[in-house]
file upload.csv (CSV, C-alpha atoms)
chain,number,residue,atom,x,y,z
A,1,MET,CA,-30.3,12.7,-34.9
A,2,THR,CA,-30.8,10.2,-37.7
A,3,GLU,CA,-31.0,6.4,-37.4
A,4,ARG,CA,-28.5,4.4,-39.4
A,5,SER,CA,-29.1,1.2,-41.3
A,6,GLN,CA,-25.7,-0.5,-40.6
A,7,VAL,CA,-22.6,-0.5,-38.5
A,8,VAL,CA,-19.1,-1.4,-39.8
A,9,VAL,CA,-15.8,-2.1,-38.1
A,10,THR,CA,-13.2,0.3,-39.5
A,11,GLY,CA,-10.2,-0.3,-37.2
A,12,MET,CA,-9.0,-2.6,-34.5
A,13,GLY,CA,-6.4,-2.5,-31.8
A,14,ALA,CA,-5.2,-5.3,-29.5
A,15,VAL,CA,-2.8,-6.0,-26.7
A,16,THR,CA,-2.7,-9.7,-25.8
A,17,PRO,CA,-0.2,-12.4,-24.7
A,18,ALA,CA,0.7,-12.6,-28.4
A,19,GLY,CA,2.1,-9.1,-28.4
A,20,VAL,CA,0.9,-5.6,-29.2
A,21,GLY,CA,-1.3,-5.1,-32.3
A,22,VAL,CA,-3.8,-7.1,-34.3
A,23,ASP,CA,-1.1,-8.6,-36.6
A,24,ALA,CA,0.6,-10.3,-33.6
A,25,LEU,CA,-2.7,-11.7,-32.4
A,26,TRP,CA,-3.6,-13.0,-35.9
A,27,GLN,CA,-0.3,-14.7,-36.4
A,28,ALA,CA,-0.6,-16.4,-33.0
A,29,VAL,CA,-4.1,-17.6,-33.9
A,30,ARG,CA,-2.9,-18.9,-37.3
A,31,SER,CA,0.0,-20.8,-35.7
A,32,GLY,CA,-2.2,-22.5,-33.2
A,33,ARG,CA,0.5,-22.1,-30.5
A,34,SER,CA,-0.6,-21.8,-26.9
A,35,LEU,CA,0.4,-18.6,-25.0
A,36,VAL,CA,-0.6,-19.9,-21.6
A,37,ARG,CA,2.2,-20.5,-19.0
A,38,ARG,CA,2.9,-20.4,-15.3
A,39,ILE,CA,2.2,-17.0,-13.7
A,40,ASP,CA,5.4,-15.2,-12.7
A,41,ARG,CA,3.9,-11.8,-11.7
A,42,PHE,CA,3.5,-13.2,-8.2
A,43,ASP,CA,3.9,-16.6,-6.5
A,44,PRO,CA,0.8,-18.6,-7.6
A,45,SER,CA,1.7,-21.8,-5.7
A,46,ALA,CA,-1.2,-21.4,-3.2
A,47,TYR,CA,-3.8,-21.1,-5.9
A,48,ARG,CA,-5.7,-23.9,-7.6
A,49,CYS,CA,-5.0,-22.5,-11.0
A,50,GLN,CA,-1.4,-21.3,-11.5
A,51,VAL,CA,-1.4,-20.6,-15.2
A,52,ALA,CA,-2.6,-17.6,-17.3
A,53,GLY,CA,-1.9,-15.6,-20.4
A,54,GLN,CA,0.5,-12.7,-19.7
A,55,ALA,CA,1.1,-9.8,-22.1
A,56,ASP,CA,4.8,-9.6,-21.3
A,57,ASP,CA,5.7,-7.8,-24.5
A,58,PHE,CA,3.7,-4.8,-23.5
A,59,ASP,CA,5.6,-2.0,-21.7
A,60,PRO,CA,3.5,1.0,-20.6
A,61,LYS,CA,6.4,3.3,-21.2
A,62,ASP,CA,6.1,2.8,-24.9
A,63,TRP,CA,2.4,3.8,-25.0
A,64,VAL,CA,1.5,6.0,-22.0
A,65,PRO,CA,3.2,9.2,-20.8
A,66,GLY,CA,5.2,8.6,-17.6
A,67,ARG,CA,3.1,10.9,-15.4
A,68,LEU,CA,-0.1,9.3,-16.5
A,69,ALA,CA,1.3,5.8,-16.1
A,70,LYS,CA,2.0,6.6,-12.4
A,71,LYS,CA,-1.6,7.7,-11.8
A,72,THR,CA,-3.3,4.7,-13.5
A,73,ASP,CA,-3.3,0.9,-13.4
A,74,ARG,CA,-2.1,-1.5,-16.0
A,75,PHE,CA,-5.7,-2.3,-17.2
A,76,THR,CA,-5.9,1.3,-18.2
A,77,HIS,CA,-2.5,1.2,-19.9
A,78,LEU,CA,-3.7,-1.8,-22.0
A,79,ALA,CA,-6.9,0.0,-22.9
A,80,LEU,CA,-5.1,3.2,-24.0
A,81,ALA,CA,-2.8,1.3,-26.3
A,82,ALA,CA,-5.5,-0.8,-27.8
A,83,ALA,CA,-7.7,2.3,-28.4
A,84,GLY,CA,-4.8,4.1,-30.0
A,85,GLY,CA,-4.2,1.2,-32.3
A,86,ALA,CA,-7.9,1.1,-33.4
A,87,LEU,CA,-8.0,4.8,-34.1
A,88,GLU,CA,-4.8,4.6,-36.1
A,89,GLN,CA,-5.9,1.6,-38.2
A,90,ALA,CA,-9.3,3.3,-38.8
A,91,GLY,CA,-7.6,6.6,-39.8
A,92,VAL,CA,-9.9,8.5,-37.4
A,93,THR,CA,-9.0,11.9,-36.1
A,94,VAL,CA,-11.1,13.3,-33.3
A,95,GLY,CA,-11.8,17.0,-33.6
A,96,ASP,CA,-9.5,19.4,-35.5
A,97,GLY,CA,-11.1,18.8,-38.8
A,98,GLY,CA,-11.8,15.1,-38.1
A,99,VAL,CA,-14.9,13.6,-36.5
A,100,PRO,CA,-16.5,16.1,-34.1
A,101,ALA,CA,-15.5,15.1,-30.5
A,102,GLU,CA,-19.2,15.1,-29.5
A,103,ARG,CA,-20.0,12.5,-32.2
A,104,VAL,CA,-17.4,10.0,-30.9
A,105,GLY,CA,-18.1,7.6,-28.0
A,106,VAL,CA,-16.3,5.0,-25.9
A,107,MET,CA,-17.8,1.7,-24.6
A,108,VAL,CA,-15.5,-0.4,-22.4
A,109,GLY,CA,-16.1,-3.7,-20.7
A,110,ASN,CA,-14.3,-4.5,-17.5
A,111,VAL,CA,-14.9,-6.7,-14.4
A,112,LEU,CA,-12.2,-6.5,-11.8
A,113,GLY,CA,-10.8,-3.0,-12.0
A,114,GLY,CA,-7.3,-1.9,-11.3
A,115,TRP,CA,-6.2,-4.3,-8.6
A,116,GLN,CA,-2.4,-4.1,-9.2
A,117,PHE,CA,-2.5,-0.5,-8.3
A,118,ALA,CA,-5.0,-1.0,-5.5
A,119,GLU,CA,-3.1,-3.8,-3.8
A,120,ARG,CA,0.1,-1.9,-3.8
A,121,GLU,CA,-1.6,1.1,-2.2
A,122,LEU,CA,-3.4,-1.0,0.4
A,123,ARG,CA,0.0,-2.4,1.4
A,124,ASN,CA,1.2,1.1,1.7
A,125,LEU,CA,-1.8,1.9,4.0
A,126,TRP,CA,-0.9,-0.9,6.4
A,127,VAL,CA,2.8,-0.3,6.4
A,128,HIS,CA,3.1,3.5,6.1
A,129,GLY,CA,-0.3,4.8,7.2
A,130,VAL,CA,-2.8,7.0,5.3
A,131,ARG,CA,-0.1,9.4,4.1
A,132,GLY,CA,1.6,6.6,2.3
A,133,VAL,CA,-1.4,6.0,0.0
A,134,SER,CA,-1.5,7.5,-3.5
A,135,PRO,CA,-4.1,10.2,-4.0
A,136,TYR,CA,-5.0,8.4,-7.2
A,137,GLN,CA,-6.0,5.2,-5.5
A,138,ALA,CA,-9.8,5.6,-6.1
A,139,THR,CA,-9.6,6.8,-9.7
A,140,ALA,CA,-6.9,4.2,-10.7
A,141,TRP,CA,-8.8,1.2,-9.3
A,142,PHE,CA,-12.3,2.2,-10.4
A,143,PRO,CA,-13.6,0.0,-13.3
A,144,ALA,CA,-14.6,3.1,-15.4
A,145,ALA,CA,-11.0,4.4,-15.3
A,146,PRO,CA,-10.1,3.1,-18.8
A,147,GLN,CA,-13.2,4.7,-20.3
A,148,GLY,CA,-12.5,8.1,-18.7
A,149,ASN,CA,-8.8,8.1,-19.6
A,150,ILE,CA,-9.5,7.1,-23.2
A,151,CYS,CA,-11.9,10.1,-23.5
A,152,ILE,CA,-9.3,12.4,-22.0
A,153,ARG,CA,-6.3,11.1,-24.0
A,154,TYR,CA,-8.1,11.3,-27.3
A,155,GLY,CA,-10.4,14.2,-26.7
A,156,ILE,CA,-13.6,12.2,-27.0
A,157,ARG,CA,-16.8,13.9,-25.7
A,158,GLY,CA,-19.6,11.7,-27.0
A,159,ARG,CA,-21.7,9.0,-25.3
A,160,SER,CA,-19.5,6.7,-23.2
A,161,ARG,CA,-20.2,3.8,-20.8
A,162,THR,CA,-18.5,1.2,-18.8
A,163,PHE,CA,-20.0,-2.3,-18.6
A,164,VAL,CA,-19.3,-4.7,-15.6
A,165,CYS,CA,-21.1,-7.8,-16.7
A,166,ASP,CA,-18.8,-10.7,-15.7
A,167,ARG,CA,-17.2,-12.4,-18.8
A,168,ALA,CA,-19.7,-10.8,-21.2
A,169,SER,CA,-18.5,-7.3,-20.4
A,170,GLY,CA,-16.6,-6.7,-23.6
A,171,ALA,CA,-19.5,-8.1,-25.6
A,172,TYR,CA,-22.0,-5.9,-24.0
A,173,ALA,CA,-19.8,-2.9,-24.8
A,174,ILE,CA,-19.7,-3.8,-28.5
A,175,VAL,CA,-23.4,-4.4,-28.7
A,176,HIS,CA,-24.2,-1.1,-27.0
A,177,ALA,CA,-21.7,0.7,-29.3
A,178,ALA,CA,-23.5,-0.7,-32.4
A,179,GLU,CA,-26.9,0.4,-30.9
A,180,THR,CA,-25.5,3.9,-30.2
A,181,ILE,CA,-24.5,4.3,-33.9
A,182,LEU,CA,-27.7,2.7,-35.2
A,183,ARG,CA,-29.8,5.1,-33.2
A,184,GLY,CA,-27.8,8.1,-34.5
A,185,TYR,CA,-26.2,9.1,-31.2
A,186,ALA,CA,-22.7,8.8,-32.5
A,187,ASP,CA,-20.8,8.5,-35.8
A,188,VAL,CA,-17.8,6.6,-34.3
A,189,VAL,CA,-17.5,4.5,-31.1
A,190,LEU,CA,-14.5,2.8,-29.6
A,191,ALA,CA,-15.7,-0.4,-28.2
A,192,GLY,CA,-14.1,-3.4,-26.5
A,193,GLY,CA,-12.8,-4.8,-23.2
A,194,THR,CA,-9.8,-4.6,-20.9
A,195,GLU,CA,-8.7,-6.8,-18.1
A,196,CYS,CA,-5.6,-7.3,-15.9
A,197,PRO,CA,-6.3,-9.9,-13.3
A,198,LEU,CA,-2.8,-11.0,-12.6
A,199,SER,CA,-2.3,-9.8,-9.0
A,200,PRO,CA,-2.8,-11.9,-5.8
A,201,TYR,CA,-6.2,-10.6,-4.7
A,202,ALA,CA,-7.6,-10.3,-8.2
A,203,TRP,CA,-6.6,-13.9,-8.9
A,204,LEU,CA,-8.3,-15.0,-5.7
A,205,CYS,CA,-11.5,-13.4,-6.9
A,206,CYS,CA,-11.1,-15.4,-10.1
A,207,GLN,CA,-10.5,-18.5,-8.1
A,208,THR,CA,-13.6,-18.1,-5.9
A,209,GLY,CA,-15.6,-17.7,-9.1
A,210,ALA,CA,-14.9,-21.4,-9.6
A,211,PHE,CA,-14.4,-21.1,-13.4
A,212,LEU,CA,-10.6,-21.4,-13.6
A,213,THR,CA,-9.2,-24.8,-14.6
A,214,PRO,CA,-7.0,-26.5,-12.0
A,215,SER,CA,-5.8,-29.1,-14.5
A,216,GLY,CA,-3.1,-27.2,-16.4
A,217,ASN,CA,-0.6,-26.4,-13.7
A,218,PHE,CA,1.8,-29.1,-14.9
A,219,ASP,CA,1.0,-28.8,-18.6
A,220,PRO,CA,0.2,-25.1,-19.2
A,221,GLU,CA,0.2,-25.4,-23.0
A,222,HIS,CA,-2.8,-27.7,-22.8
A,223,ALA,CA,-4.6,-26.1,-19.9
A,224,TYR,CA,-7.3,-24.5,-22.1
A,225,ARG,CA,-9.4,-27.0,-24.0
A,226,PRO,CA,-12.6,-25.3,-25.3
A,227,PHE,CA,-15.1,-27.6,-27.0
A,228,ASP,CA,-13.1,-30.7,-25.7
A,229,ARG,CA,-14.5,-33.4,-23.4
A,230,ARG,CA,-11.3,-33.0,-21.3
A,231,HIS,CA,-12.3,-29.4,-20.7
A,232,GLY,CA,-12.0,-28.6,-17.0
A,233,GLY,CA,-12.5,-24.9,-16.8
A,234,THR,CA,-11.2,-21.7,-18.4
A,235,VAL,CA,-7.9,-19.9,-18.5
A,236,VAL,CA,-7.7,-16.2,-18.0
A,237,GLY,CA,-5.4,-13.8,-19.8
A,238,GLU,CA,-4.6,-10.1,-19.5
A,239,GLY,CA,-5.2,-7.8,-22.5
A,240,SER,CA,-7.4,-5.3,-24.2

call {"tool": "encode", "arguments": {"input": "upload.csv", "output": "structure tokens"}}
result
Amino acid sequence: MTERSQVVVTGMGAVTPAGVGVDALWQAVRSGRSLVRRIDRFDPSAYRCQVAGQADDFDPKDWVPGRLAKKTDRFTHLALAAAGGALEQAGVTVGDGGVPAERVGVMVGNVLGGWQFAERELRNLWVHGVRGVSPYQATAWFPAAPQGNICIRYGIRGRSRTFVCDRASGAYAIVHAAETILRGYADVVLAGGTECPLSPYAWLCCQTGAFLTPSGNFDPEHAYRPFDRRHGGTVVGEGS
């Protein structure tokens, strides 16, 4: 184990309301256009905040094998796609002549877990009874699901952690990834966050946190105003 003197970013991956990939995100940032609109994943009319950023261009079928997609929640699908994009951009191969699997780590920030999957299965419980619930309920919902599935999918066996630290979760993951490399515990670490809060109960959790803006329901494009005196709260989006 040898301590390092610096850490560099060698590859990035992203799934956001702008689309799939870092280029789509960068183009949206440069254009300055808002990607916030009224939620259509469920009826938001009973909620104080009815707008969000939806990653509608992302289809799990394009990124996740069908059998795995059925066992996991959308927040894991987003993370797998973003992780794959980062590895590809970095040109990193894990094992098989690339970076040894034990020298690659994964650090993922997440707050809510896989509530789209969980809510569906809880409905099945009440309607169909215990035999109607998927056996993957616990592993699909658990906040560490993206970290575990990234490790399995890409053959990673090094130091890995999940950080549940409210809105700083992704930042904690990146800081810990850098420390892991600096201290010589890993040569490569995939680090970032993933979140998919757009389901009725998850959105209720966001609302009770009292940080969502109620002022953008009739003007979604101007709902999010950071560093503005008209700022009235934040707007949440899904992505990784």

call {"tool": "residues_around", "arguments": {"input": "upload.csv", "residues": "A:Pro17", "least_positions_apart": "3", "cutoff": "7 Å", "atoms": "all atoms listed in the file", "output": "ChimeraX atom specification"}}
result
/A:35,53-56

call {"tool": "atom_distance", "arguments": {"input": "upload.csv", "atom1": "atom CA of A:Ala83", "atom2": "atom CA of A:Gly184"}}
result
21.8 Å

call {"tool": "residues_around", "arguments": {"input": "upload.csv", "residues": "A:Leu87", "least_positions_apart": "3", "cutoff": "9 Å", "atoms": "all atoms listed in the file", "output": "PyMOL selection string"}}
result
chain A and resi 10-13+82-84+90-93+190

call {"tool": "residues_around", "arguments": {"input": "upload.csv", "residues": "stretch 150-159 of chain A", "least_positions_apart": "5", "cutoff": "10 Å", "atoms": "all atoms listed in the file", "output": "PyMOL selection string"}}
result
chain A and resi 64+68+76-77+79-84+87+93-95+99-108+145+177+180+185-190

call {"tool": "closest_atom_pairs", "arguments": {"input": "upload.csv", "of": "stretch 47-122 of chain A", "to": "stretch 128-138 of chain A", "cutoff": "12 Å", "atoms": "all atoms listed in the file", "output": "JSON lines"}}
result
{"residue": "A:Arg67", "atom": "CA", "partner": "A:Tyr136", "partner_atom": "CA", "distance": 11.8}
{"residue": "A:Leu68", "atom": "CA", "partner": "A:Tyr136", "partner_atom": "CA", "distance": 10.6}
{"residue": "A:Ala69", "atom": "CA", "partner": "A:Tyr136", "partner_atom": "CA", "distance": 11.2}
{"residue": "A:Lys70", "atom": "CA", "partner": "A:Tyr136", "partner_atom": "CA", "distance": 8.9}
{"residue": "A:Lys71", "atom": "CA", "partner": "A:Tyr136", "partner_atom": "CA", "distance": 5.8}
{"residue": "A:Thr72", "atom": "CA", "partner": "A:Tyr136", "partner_atom": "CA", "distance": 7.5}
{"residue": "A:Asp73", "atom": "CA", "partner": "A:Gln137", "partner_atom": "CA", "distance": 9.4}
{"residue": "A:Gly113", "atom": "CA", "partner": "A:Ala138", "partner_atom": "CA", "distance": 10.5}
{"residue": "A:Gly114", "atom": "CA", "partner": "A:Gln137", "partner_atom": "CA", "distance": 9.3}
{"residue": "A:Trp115", "atom": "CA", "partner": "A:Gln137", "partner_atom": "CA", "distance": 10.0}
{"residue": "A:Gln116", "atom": "CA", "partner": "A:Gln137", "partner_atom": "CA", "distance": 10.6}
{"residue": "A:Phe117", "atom": "CA", "partner": "A:Gln137", "partner_atom": "CA", "distance": 7.3}
{"residue": "A:Ala118", "atom": "CA", "partner": "A:Gln137", "partner_atom": "CA", "distance": 6.3}
{"residue": "A:Glu119", "atom": "CA", "partner": "A:Gln137", "partner_atom": "CA", "distance": 9.6}
{"residue": "A:Arg120", "atom": "CA", "partner": "A:Val133", "partner_atom": "CA", "distance": 8.9}
{"residue": "A:Glu121", "atom": "CA", "partner": "A:Val133", "partner_atom": "CA", "distance": 5.4}
{"residue": "A:Leu122", "atom": "CA", "partner": "A:Val133", "partner_atom": "CA", "distance": 7.3}

call {"tool": "residues_around", "arguments": {"input": "upload.csv", "residues": "A:Glu195", "least_positions_apart": "6", "cutoff": "9 Å", "atoms": "only C-alpha atoms", "output": "NGL selection string"}}
result
:A and (74-76 or 78-79 or 109-114 or 237-240)

call {"tool": "closest_residue", "arguments": {"input": "upload.csv", "among": "A:Arg123, A:Arg183, A:Lys61, A:Arg37", "to": "A:Asp219", "atoms": "only C-alpha atoms"}}
result
A:Arg37

call {"tool": "closest_residue", "arguments": {"input": "upload.csv", "among": "A:Leu182, A:Ala86, A:Cys205, A:Ala210", "to": "A:Val9", "atoms": "all atoms listed in the file"}}
result
A:Ala86
